[in-house]
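Chemist: Below you will find the structure I want to go over with you.
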Amino acid sequence: GEDVEQSLFLSVREGDSSVINCTYTDSSSTYLYWYKQEPGAGLQLLTYIFSNMDMKQDQRLTVLLNKKDKHLSLRIADTQTGDSAIYFCAESMRGGYNKLIFGAGTRLAVHP
Amino acid sequence: DTEVTQTPKHLVMGMTNKKSLKCEQHMGHRAMYWYKQKAKKPPELMFVYSYEKLSINESVPSRFSPECPNSSLLNLHLHALQPEDSALYLCASSQRANPEAFFGQGTRLTVV
């Protein structure tokens with residue numbers, strides 16, 4: 001079955017690193033994603049990782065994938081107030097469509 | 001250009017009204033999607049169009065009627081909605097077999 005779980009809330013100090021965690025249950029997932037949603041806005045694709053990779057880095061963002069434990073994490077270095085948002089982990093299945101299954105979202109609050 | 005444009009941004013409609021949501025992209029993507037996002041919940045897939053043909057309908061009630069008149073446009077026709085249909089409706093697009101799915105800013109629908 002398809003299920004994606006995330007912790008609901010994370011609070012960090014500006015300048016620190018943030019780590020948002022996600023677990024998924026479907027081992028046939030092809031790609032795993034991180035999306036950002038600011039209040040009242042749509043979803044912004046931050047990064048994604050193919051299921052046969054274990055790490056991907058893109059500027060301040062580092063994605064780690066532990067396929068054995070079905071655990072995905074997003075690390076944001078030097079977190080800024082503009083990073084405050086909801087972060088959704090999502091998975092998609094093999095096939096031609098990006099049918100995304102989202103986790104509940106983690107609200108990241110960055111304080112001075 | 002990774003833009004998906006949705007109109008209108010906000011819509012208030014009565015339960016007897018007929019209205020339409022519109023989505024447009026000019027990235028040459030041949031897969032387009034409608035997602036529904038209730039308050040404080042993750043997005044959930046409603047429909048997938050591939051090459052202008054409906055490929056996936058996630059058991060959505062018939063009061064929601066999608067249409068894909070050409071490869072750049074996606075509509076969602078609304079009729080006889082209920083207050084519980086109030087939500088943020090998100091459009092997305094992707095190239096088939098490409099993992100990147102891009103979302104619009106959404107239409108916030110309120111049914112009164």
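Letters A, B, ... mark the chains of the structure tokens in the order given; residue numbers begin at 1 per chain; ligand numbers begin at 1, in order shown.
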What residues in chain B have any atom no more than 6 Å from chain A when counting only C-alpha atoms, and can you write them as a PyMOL selection string?
Modeler: chain B and resi 42+96-97+103-106
Chemist: Just list as a short mmCIF file (atom, residue, chain, number, x, y, z; two decimals) with N, CA, C and O atoms, in the first residue's frame whatever in range 4-112 of chain B DSSP marks as strand (DSSP E).
Modeler:
```cif
data_model
loop_
_atom_site.label_atom_id
_atom_site.label_comp_id
_atom_site.auth_asym_id
_atom_site.auth_seq_id
_atom_site.Cartn_x
_atom_site.Cartn_y
_atom_site.Cartn_z
N VAL B 4 3.13 27.23 -14.41
CA VAL B 4 1.78 26.73 -14.63
C VAL B 4 0.84 27.81 -14.08
O VAL B 4 0.96 28.18 -12.91
N THR B 5 -0.03 28.32 -14.93
CA THR B 5 -0.90 29.44 -14.56
C THR B 5 -2.32 28.97 -14.36
O THR B 5 -2.90 28.33 -15.24
N GLN B 6 -2.88 29.32 -13.20
CA GLN B 6 -4.26 28.94 -12.90
C GLN B 6 -5.10 30.19 -12.72
O GLN B 6 -4.67 31.16 -12.08
N THR B 7 -6.31 30.15 -13.25
CA THR B 7 -7.28 31.22 -13.05
C THR B 7 -8.65 30.63 -12.77
O THR B 7 -8.99 29.54 -13.28
N HIS B 10 -9.13 33.03 -6.81
CA HIS B 10 -10.16 32.80 -5.80
C HIS B 10 -11.50 32.70 -6.51
O HIS B 10 -11.75 33.39 -7.50
N LEU B 11 -12.37 31.85 -5.97
CA LEU B 11 -13.70 31.69 -6.54
C LEU B 11 -14.67 31.35 -5.42
O LEU B 11 -14.42 30.43 -4.64
N VAL B 12 -15.76 32.12 -5.37
CA VAL B 12 -16.85 31.81 -4.45
C VAL B 12 -18.06 31.47 -5.31
O VAL B 12 -18.42 32.24 -6.21
N MET B 13 -18.66 30.33 -5.06
CA MET B 13 -19.81 29.94 -5.87
C MET B 13 -20.89 29.32 -5.00
O MET B 13 -20.60 28.70 -3.97
N LYS B 18 -22.71 27.03 -11.93
CA LYS B 18 -21.75 26.31 -12.77
C LYS B 18 -20.56 27.24 -12.99
O LYS B 18 -20.76 28.39 -13.42
N LYS B 19 -19.38 26.75 -12.73
CA LYS B 19 -18.18 27.54 -12.95
C LYS B 19 -17.08 26.63 -13.50
O LYS B 19 -17.19 25.40 -13.46
N SER B 20 -16.01 27.26 -13.98
CA SER B 20 -14.87 26.50 -14.50
C SER B 20 -13.57 27.05 -13.96
O SER B 20 -13.40 28.26 -13.83
N LEU B 21 -12.65 26.14 -13.67
CA LEU B 21 -11.28 26.50 -13.32
C LEU B 21 -10.42 26.24 -14.55
O LEU B 21 -10.63 25.27 -15.28
N LYS B 22 -9.43 27.12 -14.73
CA LYS B 22 -8.58 26.99 -15.91
C LYS B 22 -7.12 26.86 -15.50
O LYS B 22 -6.68 27.43 -14.50
N CYS B 23 -6.39 26.13 -16.32
CA CYS B 23 -4.96 25.89 -16.09
C CYS B 23 -4.26 25.93 -17.44
O CYS B 23 -4.76 25.36 -18.42
N GLU B 24 -3.09 26.57 -17.47
CA GLU B 24 -2.37 26.71 -18.73
C GLU B 24 -0.87 26.53 -18.48
O GLU B 24 -0.33 27.02 -17.48
N GLN B 25 -0.23 25.83 -19.39
CA GLN B 25 1.24 25.71 -19.32
C GLN B 25 1.78 25.72 -20.75
O GLN B 25 1.13 25.23 -21.67
N ALA B 31 1.49 15.71 -19.98
CA ALA B 31 0.69 15.17 -18.88
C ALA B 31 0.27 16.34 -17.99
O ALA B 31 1.09 17.19 -17.62
N MET B 32 -1.03 16.39 -17.67
CA MET B 32 -1.55 17.46 -16.82
C MET B 32 -2.47 16.83 -15.77
O MET B 32 -3.10 15.81 -16.02
N TYR B 33 -2.50 17.48 -14.60
CA TYR B 33 -3.11 16.88 -13.43
C TYR B 33 -3.98 17.91 -12.69
O TYR B 33 -3.66 19.09 -12.65
N TRP B 34 -5.04 17.41 -12.06
CA TRP B 34 -5.77 18.18 -11.06
C TRP B 34 -5.60 17.48 -9.71
O TRP B 34 -5.81 16.26 -9.60
N TYR B 35 -5.24 18.32 -8.71
CA TYR B 35 -5.17 17.86 -7.34
C TYR B 35 -6.11 18.73 -6.51
O TYR B 35 -6.31 19.90 -6.80
N LYS B 36 -6.62 18.15 -5.44
CA LYS B 36 -7.46 18.87 -4.48
C LYS B 36 -6.74 18.88 -3.14
O LYS B 36 -6.25 17.84 -2.69
N GLN B 37 -6.70 20.07 -2.51
CA GLN B 37 -6.06 20.16 -1.21
C GLN B 37 -7.00 20.82 -0.21
O GLN B 37 -7.27 22.02 -0.30
N GLU B 44 -4.35 15.79 -2.92
CA GLU B 44 -4.78 14.45 -3.36
C GLU B 44 -5.12 14.50 -4.84
O GLU B 44 -5.83 15.42 -5.28
N LEU B 45 -4.66 13.51 -5.55
CA LEU B 45 -4.88 13.47 -7.00
C LEU B 45 -6.35 13.27 -7.32
O LEU B 45 -7.04 12.45 -6.70
N MET B 46 -6.81 14.03 -8.33
CA MET B 46 -8.18 13.86 -8.83
C MET B 46 -8.16 13.22 -10.23
O MET B 46 -8.78 12.20 -10.47
N PHE B 47 -7.45 13.88 -11.16
CA PHE B 47 -7.46 13.45 -12.56
C PHE B 47 -6.05 13.58 -13.15
O PHE B 47 -5.29 14.46 -12.75
N VAL B 48 -5.79 12.71 -14.15
CA VAL B 48 -4.58 12.82 -14.96
C VAL B 48 -4.98 12.77 -16.42
O VAL B 48 -5.74 11.89 -16.83
N TYR B 49 -4.46 13.72 -17.18
CA TYR B 49 -4.59 13.71 -18.64
C TYR B 49 -3.23 13.45 -19.25
O TYR B 49 -2.22 14.03 -18.83
N SER B 50 -3.21 12.58 -20.25
CA SER B 50 -1.99 12.33 -20.98
C SER B 50 -2.30 12.45 -22.46
O SER B 50 -3.21 11.77 -22.95
N LYS B 53 -5.88 13.04 -23.33
CA LYS B 53 -6.88 11.99 -23.03
C LYS B 53 -6.87 11.71 -21.52
O LYS B 53 -5.80 11.65 -20.90
N LEU B 54 -8.07 11.51 -20.98
CA LEU B 54 -8.18 11.23 -19.55
C LEU B 54 -7.60 9.84 -19.28
O LEU B 54 -8.07 8.84 -19.82
N SER B 55 -6.58 9.81 -18.44
CA SER B 55 -5.90 8.54 -18.14
C SER B 55 -6.24 8.01 -16.76
O SER B 55 -6.27 6.80 -16.55
N ILE B 56 -6.43 8.91 -15.82
CA ILE B 56 -6.75 8.49 -14.45
C ILE B 56 -7.86 9.37 -13.91
O ILE B 56 -7.81 10.60 -14.02
N ASN B 57 -8.87 8.73 -13.35
CA ASN B 57 -9.92 9.41 -12.59
C ASN B 57 -9.95 8.70 -11.23
O ASN B 57 -10.29 7.53 -11.16
N PHE B 64 -17.64 17.15 -10.69
CA PHE B 64 -16.37 17.67 -11.20
C PHE B 64 -16.14 17.05 -12.58
O PHE B 64 -16.06 15.82 -12.70
N SER B 65 -15.99 17.89 -13.59
CA SER B 65 -15.85 17.39 -14.95
C SER B 65 -14.60 18.00 -15.59
O SER B 65 -14.57 19.19 -15.88
N PRO B 66 -13.55 17.20 -15.80
CA PRO B 66 -12.34 17.77 -16.40
C PRO B 66 -12.45 17.80 -17.92
O PRO B 66 -13.22 17.06 -18.54
N GLU B 67 -11.62 18.66 -18.48
CA GLU B 67 -11.57 18.78 -19.95
C GLU B 67 -10.17 19.23 -20.33
O GLU B 67 -9.60 20.11 -19.68
N CYS B 68 -9.64 18.65 -21.40
CA CYS B 68 -8.32 19.05 -21.89
C CYS B 68 -8.45 19.39 -23.36
O CYS B 68 -8.28 18.52 -24.23
N PRO B 69 -8.78 20.65 -23.69
CA PRO B 69 -9.05 21.00 -25.08
C PRO B 69 -7.83 20.97 -25.99
O PRO B 69 -7.97 20.76 -27.20
N ASN B 70 -6.65 21.19 -25.43
CA ASN B 70 -5.41 21.06 -26.21
C ASN B 70 -4.26 20.80 -25.25
O ASN B 70 -4.45 20.74 -24.03
N LEU B 73 -3.82 23.43 -22.28
CA LEU B 73 -4.91 23.87 -21.44
C LEU B 73 -5.59 22.71 -20.73
O LEU B 73 -5.76 21.63 -21.31
N LEU B 74 -5.98 22.98 -19.50
CA LEU B 74 -6.74 22.00 -18.73
C LEU B 74 -7.82 22.75 -17.98
O LEU B 74 -7.53 23.77 -17.34
N ASN B 75 -9.04 22.29 -18.10
CA ASN B 75 -10.15 22.91 -17.39
C ASN B 75 -10.76 21.95 -16.38
O ASN B 75 -10.65 20.72 -16.53
N LEU B 76 -11.40 22.52 -15.38
CA LEU B 76 -12.18 21.71 -14.45
C LEU B 76 -13.53 22.39 -14.31
O LEU B 76 -13.63 23.50 -13.78
N HIS B 77 -14.57 21.73 -14.85
CA HIS B 77 -15.91 22.29 -14.81
C HIS B 77 -16.61 21.82 -13.54
O HIS B 77 -16.55 20.64 -13.17
N LEU B 78 -17.26 22.79 -12.89
CA LEU B 78 -17.86 22.55 -11.58
C LEU B 78 -19.36 22.78 -11.65
O LEU B 78 -19.81 23.80 -12.21
N HIS B 79 -20.13 21.87 -11.10
CA HIS B 79 -21.59 22.01 -11.14
C HIS B 79 -22.20 21.34 -9.92
O HIS B 79 -21.86 20.20 -9.61
N ALA B 87 -11.97 24.04 -1.17
CA ALA B 87 -10.58 23.56 -1.08
C ALA B 87 -9.72 24.41 -2.01
O ALA B 87 -10.21 25.26 -2.75
N LEU B 88 -8.43 24.13 -1.98
CA LEU B 88 -7.48 24.68 -2.95
C LEU B 88 -7.34 23.65 -4.07
O LEU B 88 -7.00 22.49 -3.80
N TYR B 89 -7.62 24.06 -5.30
CA TYR B 89 -7.51 23.15 -6.44
C TYR B 89 -6.23 23.49 -7.19
O TYR B 89 -6.05 24.61 -7.66
N LEU B 90 -5.37 22.50 -7.27
CA LEU B 90 -4.05 22.68 -7.85
C LEU B 90 -3.94 21.95 -9.18
O LEU B 90 -4.35 20.80 -9.30
N CYS B 91 -3.38 22.63 -10.14
CA CYS B 91 -3.08 22.03 -11.43
C CYS B 91 -1.57 21.78 -11.49
O CYS B 91 -0.78 22.55 -10.92
N ALA B 92 -1.18 20.71 -12.15
CA ALA B 92 0.24 20.42 -12.32
C ALA B 92 0.46 19.88 -13.72
O ALA B 92 -0.48 19.43 -14.39
N SER B 93 1.71 19.94 -14.16
CA SER B 93 2.04 19.36 -15.45
C SER B 93 3.42 18.73 -15.39
O SER B 93 4.25 19.09 -14.55
N SER B 94 3.64 17.78 -16.28
CA SER B 94 4.95 17.14 -16.37
C SER B 94 5.11 16.55 -17.76
O SER B 94 4.13 16.35 -18.49
N ALA B 101 7.42 17.40 -11.76
CA ALA B 101 6.04 17.86 -11.91
C ALA B 101 5.94 19.25 -11.31
O ALA B 101 6.35 19.48 -10.17
N PHE B 102 5.41 20.19 -12.08
CA PHE B 102 5.33 21.58 -11.67
C PHE B 102 3.89 21.96 -11.40
O PHE B 102 2.99 21.61 -12.17
N PHE B 103 3.70 22.66 -10.30
CA PHE B 103 2.35 23.04 -9.86
C PHE B 103 2.09 24.52 -10.10
O PHE B 103 3.00 25.35 -10.02
N THR B 107 -6.33 27.48 -7.30
CA THR B 107 -7.56 28.27 -7.18
C THR B 107 -8.19 27.91 -5.85
O THR B 107 -8.47 26.73 -5.59
N ARG B 108 -8.40 28.93 -5.02
CA ARG B 108 -9.05 28.67 -3.73
C ARG B 108 -10.55 28.80 -3.94
O ARG B 108 -11.05 29.89 -4.21
N LEU B 109 -11.24 27.70 -3.82
CA LEU B 109 -12.68 27.63 -4.07
C LEU B 109 -13.44 27.57 -2.76
O LEU B 109 -13.12 26.77 -1.88
N THR B 110 -14.45 28.43 -2.67
CA THR B 110 -15.37 28.40 -1.53
C THR B 110 -16.77 28.18 -2.06
O THR B 110 -17.23 28.95 -2.92
N VAL B 111 -17.43 27.15 -1.58
CA VAL B 111 -18.80 26.85 -1.98
C VAL B 111 -19.72 27.25 -0.85
O VAL B 111 -19.56 26.80 0.29
#
```
Chemist: Using only C-alpha atoms, which of the listed residues (A:Ser84, A:Glu91, A:Ile76, A:Gly15) sits closest to Gln59 in chain A?
Modeler: A:Ile76
Chemist: Restricting the calculation to only C-alpha atoms, which member of B:Pro61, B:Pro99, B:Val112, B:Gln82 is positioned closest to His29 in chain B?
Modeler: B:Pro99
Chemist: Measuring atom to atom with only C-alpha atoms, identify which of A:Lys36, A:Met93, A:Arg60, A:Leu72 is nearest to Ser18 in chain A.
Modeler: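 When distances to Ser18 in chain A are compared using only C-alpha atoms, the smallest one comes from A:Arg60.
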Chemist: Of the residues A:Trp34, A:Asp54, A:Pro39, A:Asp83, which is the one nearest to Glu100 in chain B, using only C-alpha atoms?
Modeler: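 So, comparing all the options, the nearest one is A:Trp34.
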Chemist: Taking only C-alpha atoms into account, name the residue in A:Ser73, A:Thr81, A:Ala109, A:Asp3 that is nearest to Gln57 in chain A.
Modeler: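 Closest to Gln57 in chain A, using only C-alpha atoms: A:Ser73.
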Chemist: Do you have the CA of Asn21 in chain A-CA of Thr79 in chain A distance handy?
Modeler: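 So the answer is 15.8 Å.
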Chemist: Just give me the gap between CA of Leu8 in chain A and CA of Lys38 in chain B in Å, one decimal is fine.
Modeler: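 Atom-to-atom, CA of Leu8 in chain A and CA of Lys38 in chain B are spaced 16.1 Å apart.
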